[in-house]
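Read the structure below first, then the notes.
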Amino acid sequence: MARPAADTGSLFGEDQPQPAGPTSARPAAGQPLAARMRPRRLAEIVGQTHIVGPGNLLPRLIASNRFGSLLFYGPPGCGKTSIAEVIARETGSRFVRLNAVLSNVAELREILAAARRQPEAATILFIDELHRFNKSQQDLLLPDVEEGNVRLIGATTHNPGFYVNPPLLSRSHLFRLEPLAAAEVATVLRQALGDTERGLGARGHPATDKVLHDLAVLCDGDLRRALNALEVIALSLPEAAEIGEPELELFARERRIRYDADEDEHYDTISAFIKSCRGSDPDAAMYWLAKMLAGGEDPRFIARRLVILASEDVGLADPQALPLTVAAHHACDFIGLPEAELTLAHATLYIATAPKSNSATLALAAAHQVLKQQPVQPVPLPLRDKGGAASKRVGHGQGYLYAHDYPENITGQAHLAQPLSLYTPKTAGWEAKIADRLARWAQLRSAGPGPRDPAARA
């Protein structure tokens with residue numbers, strides 16, 4: 001069986017890297033436009049000035065050629081692979097590329113052994129999608145990374161704190177890359193249209209700055225996606241035909257937003273949704289809801305979060321929030337998409353515009369804290385269950401004052417051996433009435449048990 005191909009020579013030839021320059025490393029004609037237009041020098045990197053700009057750490061490490069392992073973390077198409085290739089070119093290193101999805105332990109062992117046999121080659125091992133390596137594969141890298149037999153450059157779209165083993169993470173410099181700005185992407189698109197060597201210049205397609213900017217916006221800061229989209233649009237037209245608004249509209253119809261279920265984008269977006277609802281911002285809440293639905297999120301997952309918000313953040317300020325969100329969750333089950341989107345919009349707007357109180361959350365946390373820090377209180381005898389002859393003989397239930405026998409159902413009887421103050425009502429919405437009610441009851445309790453209500457049971 002053929003093994004997935006790995007580049008075990010240099011980036012630019014079998015053993016001898018060629019000098020960087022505008023005509024070196026001529027791309028293959030069959031490569032996608034995004035691959036042909038990769039930067040060849042650090043100065044050609046677009047964006048990421050916080051990493052590659054003058055005076056920053058990475059350019060100094062490259063210039064001195066004294067760096068260990070590097071981790072590049074960022075969204076697709078932001079330049080992780082391009083920077084790795086530029087590092088190899090500018091340091092004259094042997095460049096070995098692996099994709100963690102296609103590789104296996106046997107191949108990795110072979111590459112590491114080859115690097116140990118060629119210490120003079122200064123091997124850079126670039127692993128794309130490093131987060132796909134399991135723990136044992138990542139552990140396999142440690143000895144050679146530690147000894148300097150290879151310099152690892154890992155690229156990942158996932159948070160390294162969750163997906164990269166701590167020992168490997170601690171031995172690496174971590175750089176976070178950001179999505180490219182639309183203006184930066186549009187600049188590269190313009191270069192690709194005019195470049196006759198690597199780009200589409202030979203086809204002679206004109207395009208306005210607005211069309212290129214709009215295409216960049218549609219690609220959400222993903223330069224690779226934008227270049228490949230430009231190539232698809234160009235190849236669908238006759239040579240020299242203008243790339244205009246009609247062609248862009250055709251692409252926009254097939255647009256797919258970047259949303260990785262059960263990965264960083266999933267957690268980041270639901271976090272933004274929750275915080276927008278909690279912050280009483282219905283517009284932001286609806287935007288993040290629409291993004292999740294467009295990205296294929298499970299509507300029941302969103303509905304469950306709304307049920308949690310109803311108790312965690314709305315609480316007693318609007319007691320109707322909980323039954324409404326439970327009903328929304330139930331409706332999502334039996335309606336299904338696309339109609340369930342309306343139900344989720346209804347519940348989202350209700351939660352986002354409801355008065356907020358986290359008093360239930362705080363009261364529960366305070367009760368848990370008391371249980372951890374103080375001795376557990378015994379149940380007072382009057383409150384204990386008096387069922388059974390044995391319980392009655394030891395006095396369970398004796399002295400209990402039945403609340404409904406007293407005015408306003410307040411007896412003044414203590415329900416804890418040591419009184420505690422755990423619940424503090426807030427003043428938003430319905431809970432303001434609760435605060436007034438508790439203040440009144442506190443006055444009644446301070447006066448002690450009053451006379452029994454004449455209308456109470458005999």
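Identifiers in the structure tokens: chain A, B, ... in order shown; residue index from 1 per chain; ligand index from 1 in order shown.
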Can you pull out every residue within 10 Å of segment 418-420 of chain A, counting only C-alpha atoms, but drop anything in the same chain fewer than 2 positions away, and send it as a list in words?
Ala366, Ala367, Val370, Gln377, Pro378, Pro380, Ala414, His415, Leu416, Leu422 and Tyr423 of chain A
As a list in words, list the residues of segment 20-254 of chain A assigned to strand (DSSP E) by DSSP on the backbone atoms of this structure.
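Result set for segment 20-254 of chain A (strand (DSSP E)): Ser69, Leu70, Leu71, Phe72, Tyr73, Phe95, Val96, Arg97, Leu98, Asn99, Ile124, Leu125, Phe126, Ile127, Asp128, Arg151, Leu152, Ile153, Gly154, Ala155, Thr156, Ser172, His173, Leu174, Phe175 and Arg176 of chain A.
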Those same residues, written as a PDB file, in the first residue's frame with C-alpha atoms?
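To be explicit, this is the file written out as part_2.pdb:
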ATOM      1  CA  SER A  69      10.157  24.609  18.244  1.00  0.00           C
ATOM      2  CA  LEU A  70       7.400  26.963  17.140  1.00  0.00           C
ATOM      3  CA  LEU A  71       3.615  26.611  17.287  1.00  0.00           C
ATOM      4  CA  PHE A  72       1.395  28.688  14.999  1.00  0.00           C
ATOM      5  CA  TYR A  73      -2.217  28.862  16.148  1.00  0.00           C
ATOM      6  CA  PHE A  95      12.090  21.168   5.281  1.00  0.00           C
ATOM      7  CA  VAL A  96       9.964  18.100   5.972  1.00  0.00           C
ATOM      8  CA  ARG A  97       6.211  18.471   5.760  1.00  0.00           C
ATOM      9  CA  LEU A  98       3.679  16.185   7.419  1.00  0.00           C
ATOM     10  CA  ASN A  99      -0.073  16.347   7.651  1.00  0.00           C
ATOM     11  CA  ILE A 124      12.613  21.681  10.219  1.00  0.00           C
ATOM     12  CA  LEU A 125       9.683  19.320  10.702  1.00  0.00           C
ATOM     13  CA  PHE A 126       6.464  21.087   9.791  1.00  0.00           C
ATOM     14  CA  ILE A 127       3.327  19.303  11.038  1.00  0.00           C
ATOM     15  CA  ASP A 128       0.077  20.708   9.731  1.00  0.00           C
ATOM     16  CA  ARG A 151      13.035  21.929  14.971  1.00  0.00           C
ATOM     17  CA  LEU A 152       9.309  21.437  15.103  1.00  0.00           C
ATOM     18  CA  ILE A 153       6.924  23.925  13.559  1.00  0.00           C
ATOM     19  CA  GLY A 154       3.362  22.941  14.355  1.00  0.00           C
ATOM     20  CA  ALA A 155       0.294  24.544  12.801  1.00  0.00           C
ATOM     21  CA  THR A 156      -3.139  24.217  14.337  1.00  0.00           C
ATOM     22  CA  SER A 172       7.679  25.602  22.067  1.00  0.00           C
ATOM     23  CA  HIS A 173       7.207  29.283  21.332  1.00  0.00           C
ATOM     24  CA  LEU A 174       3.501  29.871  20.717  1.00  0.00           C
ATOM     25  CA  PHE A 175       2.394  32.482  18.173  1.00  0.00           C
ATOM     26  CA  ARG A 176      -1.263  33.307  17.652  1.00  0.00           C
TER      27      ARG A 176
END
Leu200 of chain A surroundings by only C-alpha atoms, 10 Å radius, close-in-sequence under 6 positions cut, as a ChimeraX atom specification
/A:33,189-194,230-231,234-235,239
Generate a file of the selected residues that holds N, CA and C atoms, formatted as a PDB file, in the first residue's frame.
ATOM      1  N   LEU A  33      -4.137  28.173  -7.167  1.00  0.00           N
ATOM      2  CA  LEU A  33      -3.613  29.544  -7.129  1.00  0.00           C
ATOM      3  C   LEU A  33      -3.062  29.883  -5.751  1.00  0.00           C
ATOM      4  N   LEU A 189      -5.285  39.506  -3.758  1.00  0.00           N
ATOM      5  CA  LEU A 189      -6.102  39.164  -4.918  1.00  0.00           C
ATOM      6  C   LEU A 189      -5.714  40.010  -6.120  1.00  0.00           C
ATOM      7  N   ARG A 190      -5.459  41.289  -5.883  1.00  0.00           N
ATOM      8  CA  ARG A 190      -5.025  42.170  -6.968  1.00  0.00           C
ATOM      9  C   ARG A 190      -3.675  41.723  -7.515  1.00  0.00           C
ATOM     10  N   GLN A 191      -2.757  41.340  -6.634  1.00  0.00           N
ATOM     11  CA  GLN A 191      -1.457  40.841  -7.078  1.00  0.00           C
ATOM     12  C   GLN A 191      -1.619  39.577  -7.918  1.00  0.00           C
ATOM     13  N   ALA A 192      -2.518  38.684  -7.482  1.00  0.00           N
ATOM     14  CA  ALA A 192      -2.716  37.431  -8.214  1.00  0.00           C
ATOM     15  C   ALA A 192      -3.275  37.688  -9.608  1.00  0.00           C
ATOM     16  N   LEU A 193      -4.153  38.668  -9.744  1.00  0.00           N
ATOM     17  CA  LEU A 193      -4.710  38.976 -11.065  1.00  0.00           C
ATOM     18  C   LEU A 193      -3.649  39.519 -12.015  1.00  0.00           C
ATOM     19  N   GLY A 194      -2.638  40.196 -11.461  1.00  0.00           N
ATOM     20  CA  GLY A 194      -1.627  40.807 -12.319  1.00  0.00           C
ATOM     21  C   GLY A 194      -0.369  39.984 -12.493  1.00  0.00           C
ATOM     22  N   LEU A 230     -11.161  33.099  -6.307  1.00  0.00           N
ATOM     23  CA  LEU A 230     -10.839  33.956  -7.449  1.00  0.00           C
ATOM     24  C   LEU A 230     -10.468  33.111  -8.663  1.00  0.00           C
ATOM     25  N   GLU A 231      -9.692  32.046  -8.441  1.00  0.00           N
ATOM     26  CA  GLU A 231      -9.296  31.187  -9.555  1.00  0.00           C
ATOM     27  C   GLU A 231     -10.505  30.481 -10.157  1.00  0.00           C
ATOM     28  N   ALA A 234     -12.395  33.002 -12.201  1.00  0.00           N
ATOM     29  CA  ALA A 234     -11.668  33.370 -13.412  1.00  0.00           C
ATOM     30  C   ALA A 234     -11.738  32.257 -14.456  1.00  0.00           C
ATOM     31  N   LEU A 235     -11.547  31.010 -14.034  1.00  0.00           N
ATOM     32  CA  LEU A 235     -11.545  29.903 -14.982  1.00  0.00           C
ATOM     33  C   LEU A 235     -12.931  29.605 -15.543  1.00  0.00           C
ATOM     34  N   GLU A 239     -11.080  34.190 -21.330  1.00  0.00           N
ATOM     35  CA  GLU A 239      -9.922  35.031 -21.039  1.00  0.00           C
ATOM     36  C   GLU A 239     -10.257  36.487 -21.334  1.00  0.00           C
TER      37      GLU A 239
END
Find the spatial neighbours of segment 268-283 of chain A, counting only C-alpha atoms, within a cut-off of 9 Å - ignore same-chain residues fewer than 2 positions away - and output them as an MDAnalysis selection string.
chainID A and resid 259 263:266 285:289 291:292 302 305:306 309 313:314 348:356
The selected residues should be written to file as a PDB file, in the first residue's frame (atoms: N, CA and C atoms).
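See selection16.pdb below for the written result:
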ATOM      1  N   TYR A 259     -17.436  27.342  10.498  1.00  0.00           N
ATOM      2  CA  TYR A 259     -18.016  26.953  11.781  1.00  0.00           C
ATOM      3  C   TYR A 259     -17.744  25.478  11.980  1.00  0.00           C
ATOM      4  N   GLU A 263     -15.725  22.162  17.979  1.00  0.00           N
ATOM      5  CA  GLU A 263     -14.349  22.632  18.046  1.00  0.00           C
ATOM      6  C   GLU A 263     -14.353  24.071  18.523  1.00  0.00           C
ATOM      7  N   ASP A 264     -13.234  24.777  18.332  1.00  0.00           N
ATOM      8  CA  ASP A 264     -13.092  26.123  18.888  1.00  0.00           C
ATOM      9  C   ASP A 264     -14.216  27.059  18.449  1.00  0.00           C
ATOM     10  N   GLU A 265     -14.563  27.021  17.151  1.00  0.00           N
ATOM     11  CA  GLU A 265     -15.582  27.943  16.646  1.00  0.00           C
ATOM     12  C   GLU A 265     -16.919  27.680  17.335  1.00  0.00           C
ATOM     13  N   HIS A 266     -17.206  26.427  17.592  1.00  0.00           N
ATOM     14  CA  HIS A 266     -18.431  26.045  18.306  1.00  0.00           C
ATOM     15  C   HIS A 266     -18.458  26.675  19.696  1.00  0.00           C
ATOM     16  N   ALA A 285     -27.220  38.951  20.176  1.00  0.00           N
ATOM     17  CA  ALA A 285     -27.691  37.591  20.422  1.00  0.00           C
ATOM     18  C   ALA A 285     -28.277  36.981  19.150  1.00  0.00           C
ATOM     19  N   MET A 286     -29.032  37.761  18.397  1.00  0.00           N
ATOM     20  CA  MET A 286     -29.622  37.248  17.164  1.00  0.00           C
ATOM     21  C   MET A 286     -28.555  36.980  16.115  1.00  0.00           C
ATOM     22  N   TYR A 287     -27.510  37.806  16.068  1.00  0.00           N
ATOM     23  CA  TYR A 287     -26.427  37.577  15.100  1.00  0.00           C
ATOM     24  C   TYR A 287     -25.731  36.254  15.377  1.00  0.00           C
ATOM     25  N   TRP A 288     -25.359  36.027  16.650  1.00  0.00           N
ATOM     26  CA  TRP A 288     -24.648  34.785  16.972  1.00  0.00           C
ATOM     27  C   TRP A 288     -25.561  33.574  16.805  1.00  0.00           C
ATOM     28  N   LEU A 289     -26.858  33.752  17.082  1.00  0.00           N
ATOM     29  CA  LEU A 289     -27.805  32.661  16.839  1.00  0.00           C
ATOM     30  C   LEU A 289     -27.836  32.310  15.353  1.00  0.00           C
ATOM     31  N   LYS A 291     -25.547  32.838  13.127  1.00  0.00           N
ATOM     32  CA  LYS A 291     -24.281  32.225  12.719  1.00  0.00           C
ATOM     33  C   LYS A 291     -24.265  30.739  13.076  1.00  0.00           C
ATOM     34  N   MET A 292     -24.704  30.409  14.283  1.00  0.00           N
ATOM     35  CA  MET A 292     -24.717  28.999  14.684  1.00  0.00           C
ATOM     36  C   MET A 292     -25.643  28.180  13.798  1.00  0.00           C
ATOM     37  N   ILE A 302     -28.586  24.699  21.299  1.00  0.00           N
ATOM     38  CA  ILE A 302     -28.873  26.117  21.564  1.00  0.00           C
ATOM     39  C   ILE A 302     -30.034  26.227  22.547  1.00  0.00           C
ATOM     40  N   ARG A 305     -28.978  25.661  26.090  1.00  0.00           N
ATOM     41  CA  ARG A 305     -28.288  26.814  26.674  1.00  0.00           C
ATOM     42  C   ARG A 305     -29.296  27.890  27.090  1.00  0.00           C
ATOM     43  N   LEU A 306     -30.360  28.068  26.339  1.00  0.00           N
ATOM     44  CA  LEU A 306     -31.378  29.058  26.702  1.00  0.00           C
ATOM     45  C   LEU A 306     -32.084  28.656  27.989  1.00  0.00           C
ATOM     46  N   LEU A 309     -29.764  29.592  30.740  1.00  0.00           N
ATOM     47  CA  LEU A 309     -29.766  31.047  30.935  1.00  0.00           C
ATOM     48  C   LEU A 309     -30.993  31.503  31.717  1.00  0.00           C
ATOM     49  N   ASP A 313     -29.304  33.395  34.712  1.00  0.00           N
ATOM     50  CA  ASP A 313     -29.123  34.835  34.509  1.00  0.00           C
ATOM     51  C   ASP A 313     -30.404  35.645  34.546  1.00  0.00           C
ATOM     52  N   VAL A 314     -31.560  35.019  34.304  1.00  0.00           N
ATOM     53  CA  VAL A 314     -32.839  35.737  34.412  1.00  0.00           C
ATOM     54  C   VAL A 314     -33.459  35.454  35.769  1.00  0.00           C
ATOM     55  N   THR A 348     -34.704  33.416  22.289  1.00  0.00           N
ATOM     56  CA  THR A 348     -33.494  34.238  22.428  1.00  0.00           C
ATOM     57  C   THR A 348     -33.854  35.685  22.728  1.00  0.00           C
ATOM     58  N   LEU A 349     -34.800  36.236  21.982  1.00  0.00           N
ATOM     59  CA  LEU A 349     -35.193  37.631  22.212  1.00  0.00           C
ATOM     60  C   LEU A 349     -35.831  37.797  23.592  1.00  0.00           C
ATOM     61  N   TYR A 350     -36.589  36.780  24.028  1.00  0.00           N
ATOM     62  CA  TYR A 350     -37.190  36.871  25.358  1.00  0.00           C
ATOM     63  C   TYR A 350     -36.108  36.939  26.428  1.00  0.00           C
ATOM     64  N   ILE A 351     -35.121  36.049  26.344  1.00  0.00           N
ATOM     65  CA  ILE A 351     -34.051  36.019  27.339  1.00  0.00           C
ATOM     66  C   ILE A 351     -33.212  37.294  27.274  1.00  0.00           C
ATOM     67  N   ALA A 352     -32.887  37.741  26.062  1.00  0.00           N
ATOM     68  CA  ALA A 352     -32.021  38.913  25.917  1.00  0.00           C
ATOM     69  C   ALA A 352     -32.687  40.186  26.425  1.00  0.00           C
ATOM     70  N   THR A 353     -34.011  40.260  26.324  1.00  0.00           N
ATOM     71  CA  THR A 353     -34.709  41.480  26.734  1.00  0.00           C
ATOM     72  C   THR A 353     -35.342  41.369  28.122  1.00  0.00           C
ATOM     73  N   ALA A 354     -35.207  40.232  28.771  1.00  0.00           N
ATOM     74  CA  ALA A 354     -35.789  40.053  30.111  1.00  0.00           C
ATOM     75  C   ALA A 354     -34.931  40.761  31.156  1.00  0.00           C
ATOM     76  N   PRO A 355     -35.544  41.193  32.273  1.00  0.00           N
ATOM     77  CA  PRO A 355     -34.717  41.689  33.390  1.00  0.00           C
ATOM     78  C   PRO A 355     -33.850  40.554  33.909  1.00  0.00           C
ATOM     79  N   LYS A 356     -32.710  40.894  34.439  1.00  0.00           N
ATOM     80  CA  LYS A 356     -31.730  39.864  34.800  1.00  0.00           C
ATOM     81  C   LYS A 356     -31.510  39.810  36.310  1.00  0.00           C
TER      82      LYS A 356
END
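The space between atom CA of Ala290 of chain A and atom CA of Leu227 of chain A spans 26.6 Å.
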For Gly74 of chain A, find every residue with an atom within 6 Å (counting only C-alpha atoms), except residues of its own chain fewer than 3 positions away, and show them as a list in words.
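Result of the neighbour search: Thr157, Arg176, Leu177 and Glu178 of chain A.
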So how far away is atom CA of Arg445 of chain A from atom CA of Gln398 of chain A, in Å?
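Separation between atom CA of Gln398 of chain A and atom CA of Arg445 of chain A: 19.8 Å.
Proximity of A:Phe162, A:Tyr267, A:Trp441, A:Trp430 to Glu408 of chain A, computed with only C-alpha atoms, is greatest for A:Trp441.
Considering only C-alpha atoms, the residue among A:Ala340, A:Leu438, A:Asp333, A:Ala100 positioned nearest to Leu293 of chain A is A:Ala340.
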Would you list, as a PyMOL selection string, the residues of segment 312-343 of chain A that end up in helix (DSSP H, G or I) under DSSP run on this structure's backbone?
chain A and resi 312-317+321-335+340-343
Option closest in space to Phe251 of chain A, from A:Leu169, A:Ala417, A:Ile308, A:Ile233 [counting only C-alpha atoms]
A:Ile233
I'd like the contact shell of segment 75-82 of chain A - 6 Å cut-off, only C-alpha atoms, skipping same-chain residues fewer than 3 positions apart - returned as a PyMOL selection string.
chain A and resi 72+85+157+179+222-224
Keeping only N, CA and C atoms, write the selected residues to a file as a short mmCIF file (atom, residue, chain, number, x, y, z; two decimals), in the first residue's frame.
data_model
loop_
_atom_site.label_atom_id
_atom_site.label_comp_id
_atom_site.auth_asym_id
_atom_site.auth_seq_id
_atom_site.Cartn_x
_atom_site.Cartn_y
_atom_site.Cartn_z
N PHE A 72 2.22 27.64 15.59
CA PHE A 72 1.40 28.69 15.00
C PHE A 72 -0.07 28.29 15.14
N GLU A 85 7.17 27.89 5.64
CA GLU A 85 7.99 27.73 4.44
C GLU A 85 9.01 28.85 4.31
N THR A 157 -5.41 24.92 14.01
CA THR A 157 -6.54 25.84 14.10
C THR A 157 -7.23 25.73 15.46
N PRO A 179 -7.21 36.32 11.82
CA PRO A 179 -7.75 36.38 10.45
C PRO A 179 -7.25 37.64 9.76
N ASP A 222 -9.89 34.46 5.24
CA ASP A 222 -9.21 33.23 4.81
C ASP A 222 -8.61 33.49 3.43
N LEU A 223 -7.31 33.77 3.38
CA LEU A 223 -6.65 34.13 2.12
C LEU A 223 -6.64 32.95 1.15
N ARG A 224 -6.40 31.75 1.64
CA ARG A 224 -6.39 30.59 0.76
C ARG A 224 -7.74 30.42 0.08
#
Between A:Val105, A:Met37, A:Val46, A:Leu444, which has the minimum distance to Gln138 of chain A (counting only C-alpha atoms)?
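Answer, going by the shortest atom-to-atom distance: A:Val105.
The environment of Tyr163 of chain A within 10 Å, counting only C-alpha atoms and disregarding residues fewer than 5 places along the same chain, consists of Leu130, His131, Arg132, Phe133, Asn134, Lys135, Thr156, His158 and Leu169 of chain A.
Note that the spacing between atom CA of Pro54 of chain A and atom CA of Val86 of chain A amounts to 15.5 Å.
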